[in-house]
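Visitor: Just passing along the structure, written as structure tokens.
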Number of protein chains: 2
Amino acid sequence: MTGLGYLLITRENTVAESAGFRGRNVLVTGGAGFIGSNLARRLADMGAKVVLVDSLIPEYGGNLFNVCEIRDRVQLNISDVRDEHSMKHLVQGQDYLFNLAGQTSHMDSMESPQTDLEINCKAQISILEACRRFNPGIRIVFASTRQVYGRPEYLPVDERHQLRPVDVNGINKMAGEWYHILYSNVYGIRSSALRLTNTYGPRMRIKDARQTFVGIWIRKVLEGVPFEVWGGTQLRDFTYVDDCVEALLLAASAEAAVGKVYNLGSDEVISLQELAGLLVDVAGTGAFRVRDFPAERKAIDIGDYYADFSLIRDEVGWQPTVGLRQGLLETVEYFRTNLGHYL
Amino acid sequence: MTGLGYLLITRENTVAESAGFRGRNVLVTGGAGFIGSNLARRLADMGAKVVLVDSLIPEYGGNLFNVCEIRDRVQLNISDVRDEHSMKHLVQGQDYLFNLAGQTSHMDSMESPQTDLEINCKAQISILEACRRFNPGIRIVFASTRQVYGRPEYLPVDERHQLRPVDVNGINKMAGEWYHILYSNVYGIRSSALRLTNTYGPRMRIKDARQTFVGIWIRKVLEGVPFEVWGGTQLRDFTYVDDCVEALLLAASAEAAVGKVYNLGSDEVISLQELAGLLVDVAGTGAFRVRDFPAERKAIDIGDYYADFSLIRDEVGWQPTVGLRQGLLETVEYFRTNLGHYL
């Protein structure tokens with residue numbers, strides 16, 4: 001267990017314990033994944049009874065190492081959200097569902113669009129139907145993505161921006177998000193959706209670029225291999241995983257968030273090239289080269305993106321608290337200690 | 001064959017024969033359905049080589065009677081768009097695909113969301129993948145629906161209006177539409193999507209309200225049974241099927257329409273109660289009563305809707321030519337003659 005539980009900087013929890021997770025039953029799909037395992041740790045610390053669902057498909061984010069430190073305090077149920085029967089049982093008796101399981105890779109969604117559909121649409125309908133039939137009082141937060149917007153028409157992108165997804169993943173996540181809102185509006189299954197943007201931090205997938213390009217950058221920095229920056233001038237915003245977890249918990253606790261979709265975002269907007277420089281600076285090692293966007297990716301390049309997150313700030317009280325430099329530092333330190341578990 | 005080929009008013013074709021359908025290979029999914037069979041008739045008249053795909057599922061729009069008059073001039077292939085293997089063969093060698101097959105009932109989509117997903121999403125991906133692999137030069141027009149908008153925030157609704165569907169059908173059609181635009185943008189499978197609004201006319205389903213409420217109204221008028229108007233003050237726009245067919249043909253022929261989504265609409269906006277009165281007036285018989293919207297439908301009621309169709313008018317040259325009175329007259333006369341085939 002060496003190297004686990006690493007925390008460079010301690011922050012106060014900003015969701016009060018009184019928010020009501022102590023002793024509550026909480027189901028987290030994608031629970032051994034990046035965001036799911038960070039959320040699980042936080043929920044366990046707050047005294048929630050946590051069940052994690054994860055399929056541990058090698059190409060996805062699930063990693064047993066992510067949860068081994070909390071394995072005595074949470075229940076891990078290895079199963080696939082596409083398995084209707086197991087999900088039907090698992091949702092019963094839960095007070096909260098953090099619905100994070102998904103296919104997230106843009107390229108995989110183009111190569112296997114039907115698989116993306118099964119996970120991001122078909123399974124979502126099954127889960128919502130199970131809740132409707134067996135646990136209509138459950139409170140759900142669904143992890144959506146900025147990818148639903150496609151190429152921005154204006155910046156920062158607010159929730160009223162048109163949805164014009166540029167890959168199969170974006171289309172299916174858009175549908176998955178709307179199923180949740182629909183079941184909230186029509187059946188009263190209280191749900192919220194968060195459109196995440198470039199979440200990063202300890203326990204992310206760094207083996208490849210399936211969870212943001214930042215993962216593979218970090219891996220290469222730590223392996224001493226130069227990494228590639230495609231384009232370089234594109235602007236982006238980033239969310240440190242603790243801030244993302246905070247947003248999930250706040251959304252689940254806020255009555256105002258029922259039936260709503262919110263952007264996450266950051267005040268720190270940065271170009272990819274600047275980010276690469278910052279990462280190398282923070283890590284104290286590493287090198288990168290800037291190259292043109294690969295031809296086969298051009299059609300799904302979205303240019304600059306950053307979000308207006310004033311809606312969740314005003315209605316739910318969320319705002320990011322971890323700056324990029326600090327977040328990258330914690331991330332690099334985590335993976336420096338635990339690299340072998342993520343390759 | 002008595003009663004077939006009925007045409008109260010003859011109109012000139014406004015898509016010139018030169019638009020290029022003569023001798024061309026055309027596949028129409030949902031080809032024995034309402035819009036599909038009217039389109040098939042028009043294509044056959046223009047000398048196209050037409051293959052119709054229809055599953056003839058009793059709850060959907062396919063009806064052999066719709067195509068029996070043209071059965072010597074088109075090829076009918078009875079199969080389901082969910083059948084990947086048959087679709088893989090059927091798309092090969094086609095110059096055009098009018099992709100009209102779909103689950104259209106809002107209530108059915110809520111009762112069987114997975115079936116709606118299979119037809120309106122999974123099958124669409126299969127069809128597009130088959131085109132990508134075996135016939136990338138095909139030109140596709142996809143029939144979408146105003147249902148993707150949900151409850152309008154402003155009127156008339158243009159294509160920039162937010163997509164906020166209020167039923168599973170609207171969500172899945174939204175995804176289906178975007179797969180087509182995506183495959184056009186990314187793979188060059190030239191596609192367009194039309195957001196249809198309350199299409200009516202000869203050969204529509206009148207057995208029940210699965211294709212607009214107008215169908216069941218007409219049936220009841222002709223059977224001498226009073227029909228119900230829910231609400232009554234809601235504003236709507238309507239498209240006579242010949243105008244819809246014209247829009248499909250124009251979209252397929254216009255280079256400007258590639259990768260685009262267009263509203264259809266009408267300058268004649270009318271309340272449901274006025275429409276009911278007009279129908280009874282045109283039919284010279286019938287009665288209706290206005291009642292409150294049923295409680296179980298309220299959550300998916302969208303209030304007033306009518307479209308801004310200036311985009312397709314300006315870019316493609318389409319506009320409706322058949323007024324409501326004239327269209328209802330032709331529709332009522334058609335079903336008066338052929339009622340037995342539609343019950």
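Going by the structure tokens order, chains are called A, B, ..., each with residues numbered from 1, while ligands are numbered from 1 in the order shown.
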Give me the residues near Thr331 (chain B) as a ChimeraX atom specification, where near means some atom within 9 Å (using only C-alpha atoms) and where sequence neighbours in that chain fewer than 2 positions away do not count.
Guide: /B:200-204,218,326-329,333-336
Visitor: Could you save the residues just selected, with C-alpha atoms, as a short mmCIF file (atom, residue, chain, number, x, y, z; two decimals), in the first residue's frame?
Guide:
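See result-v3.cif below for the written result:
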data_model
loop_
_atom_site.label_atom_id
_atom_site.label_comp_id
_atom_site.auth_asym_id
_atom_site.auth_seq_id
_atom_site.Cartn_x
_atom_site.Cartn_y
_atom_site.Cartn_z
CA TYR B 200 -50.95 14.73 -43.47
CA GLY B 201 -52.56 13.49 -46.66
CA PRO B 202 -53.64 10.38 -48.54
CA ARG B 203 -52.12 7.09 -47.30
CA MET B 204 -51.45 8.30 -43.79
CA ILE B 218 -60.27 11.82 -40.10
CA GLN B 326 -57.32 21.97 -50.21
CA GLY B 327 -55.09 19.39 -48.53
CA LEU B 328 -57.77 18.32 -46.08
CA LEU B 329 -60.25 18.03 -48.94
CA GLU B 333 -61.83 12.32 -50.32
CA TYR B 334 -59.03 9.76 -50.51
CA PHE B 335 -60.05 8.08 -47.30
CA ARG B 336 -63.76 8.31 -48.07
#
Visitor: With only C-alpha atoms as the counted atoms, please give the residues lying no more than 7 Å from region 171-177 of chain B, apart from itself and same-chain residues fewer than 5 positions off, as a PyMOL selection string.
Guide: (chain A and resi 171-172+175+178) or (chain B and resi 117+120-121+124+142+144+148+165+193)
Visitor: Find the nearest atom pair between each residue of chain A and chain B for residues within 8 Å, count only C-alpha atoms, give distances in Å to one decimal, sort rows by chain and ascending number, and present the table as a Markdown table.
Guide:
| residue | atom | partner | partner_atom | distance |
| --- | --- | --- | --- | --- |
| A:Pro113 | CA | B:Ile125 | CA | 7.1 |
| A:Gln114 | CA | B:Lys122 | CA | 6.8 |
| A:Leu117 | CA | B:Lys122 | CA | 7.3 |
| A:Lys122 | CA | B:Gln114 | CA | 6.8 |
| A:Ile125 | CA | B:Pro113 | CA | 7.1 |
| A:Arg160 | CA | B:Gln162 | CA | 6.8 |
| A:His161 | CA | B:Gln162 | CA | 7.5 |
| A:Gln162 | CA | B:Gln162 | CA | 5.9 |
| A:Leu163 | CA | B:Leu163 | CA | 7.2 |
| A:Arg164 | CA | B:Trp178 | CA | 7.7 |
| A:Pro165 | CA | B:Trp178 | CA | 7.5 |
| A:Val166 | CA | B:Leu182 | CA | 6.2 |
| A:Asp167 | CA | B:Leu182 | CA | 6.6 |
| A:Val168 | CA | B:Tyr179 | CA | 6.9 |
| A:Ile171 | CA | B:Ala175 | CA | 5.7 |
| A:Asn172 | CA | B:Ala175 | CA | 6.8 |
| A:Met174 | CA | B:Ala175 | CA | 7.8 |
| A:Ala175 | CA | B:Ile171 | CA | 5.7 |
| A:Trp178 | CA | B:Ile171 | CA | 6.7 |
| A:Tyr179 | CA | B:Val168 | CA | 6.9 |
| A:Leu182 | CA | B:Val166 | CA | 6.2 |
| A:Asn185 | CA | B:Ala299 | CA | 6.9 |
| A:Val186 | CA | B:Ala299 | CA | 5.4 |
| A:Ala299 | CA | B:Val186 | CA | 5.4 |
| A:Ile300 | CA | B:Val186 | CA | 7.2 |
Visitor: Between CA of Ile216 (chain B) and CA of Phe65 (chain B), what is the distance, to one decimal in Å?
Guide: 18.4 Å
Visitor: Based on DSSP run over this structure's backbone, return all residues of region 209-308 of chain B in alpha helix (DSSP H), as a count of residues only.
Guide: 41
Visitor: Give me the residues within 9 Å of Ile140 (chain A) as JSON, numbers by chain, counting only C-alpha atoms and dropping any in the same chain fewer than 5 places off.
Guide: {"A": [95, 96, 97, 98, 99, 180, 189, 190, 191, 192, 193, 252, 258]}
Visitor: When you look at Asn25 (chain A) with a cut-off of 8 Å (counting only C-alpha atoms), what residues show up, excluding the ones that are within fewer than 3 positions of it in the same chain? I need them as a PyMOL selection string.
Guide: chain A and resi 21+48-51+93-96
Visitor: Which of these residues is nearest to Leu250 (chain B), using only C-alpha atoms: B:Gly232, B:Pro136, B:Gly265, B:Gly20?
Guide: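 Smallest distance to Leu250 (chain B) is found for B:Gly20.
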Visitor: Excluding Val322 (chain B) and its own-chain neighbours fewer than 6 positions away, which residues fall within 9 Å of it when counting only C-alpha atoms? Please give them as a list in words.
Guide: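 My list of contacting residues is Thr239, Tyr240, Asp242 and Asp243 of chain B.
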Visitor: Please report the interatomic distance between CA of Phe238 (chain A) and CA of Asn198 (chain A) in Å with one decimal.
Guide: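 Separation between CA of Phe238 (chain A) and CA of Asn198 (chain A): 4.9 Å.
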Visitor: Go through A:Ala143, A:Leu343, A:Leu39, A:Val245 and flag the residue nearest Leu194 (chain A), using only C-alpha atoms for the distances.
Guide: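 Of A:Ala143, A:Leu343, A:Leu39, A:Val245, the one nearest Leu194 (chain A) is A:Ala143, counting only C-alpha atoms.
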Visitor: Could you tell me how far CA of Val261 (chain A) sits from CA of Asp45 (chain A), in Å to one decimal place?
Guide: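 Between CA of Asp45 (chain A) and CA of Val261 (chain A) the gap works out to 27.2 Å.
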Visitor: Which of these, B:Arg151, B:Arg139, B:Lys220, B:Arg325, has the shortest distance to Ala251 (chain B) once you count only C-alpha atoms?
Guide: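 Result for the nearest residue to Ala251 (chain B): B:Arg139.
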Visitor: Which is closest to Ile138 (chain B) among B:Asp72, B:Arg291, B:Gly31, B:Ser253, if we use only C-alpha atoms?
Guide: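 For Ile138 (chain B), the nearest of the given residues is B:Ser253.
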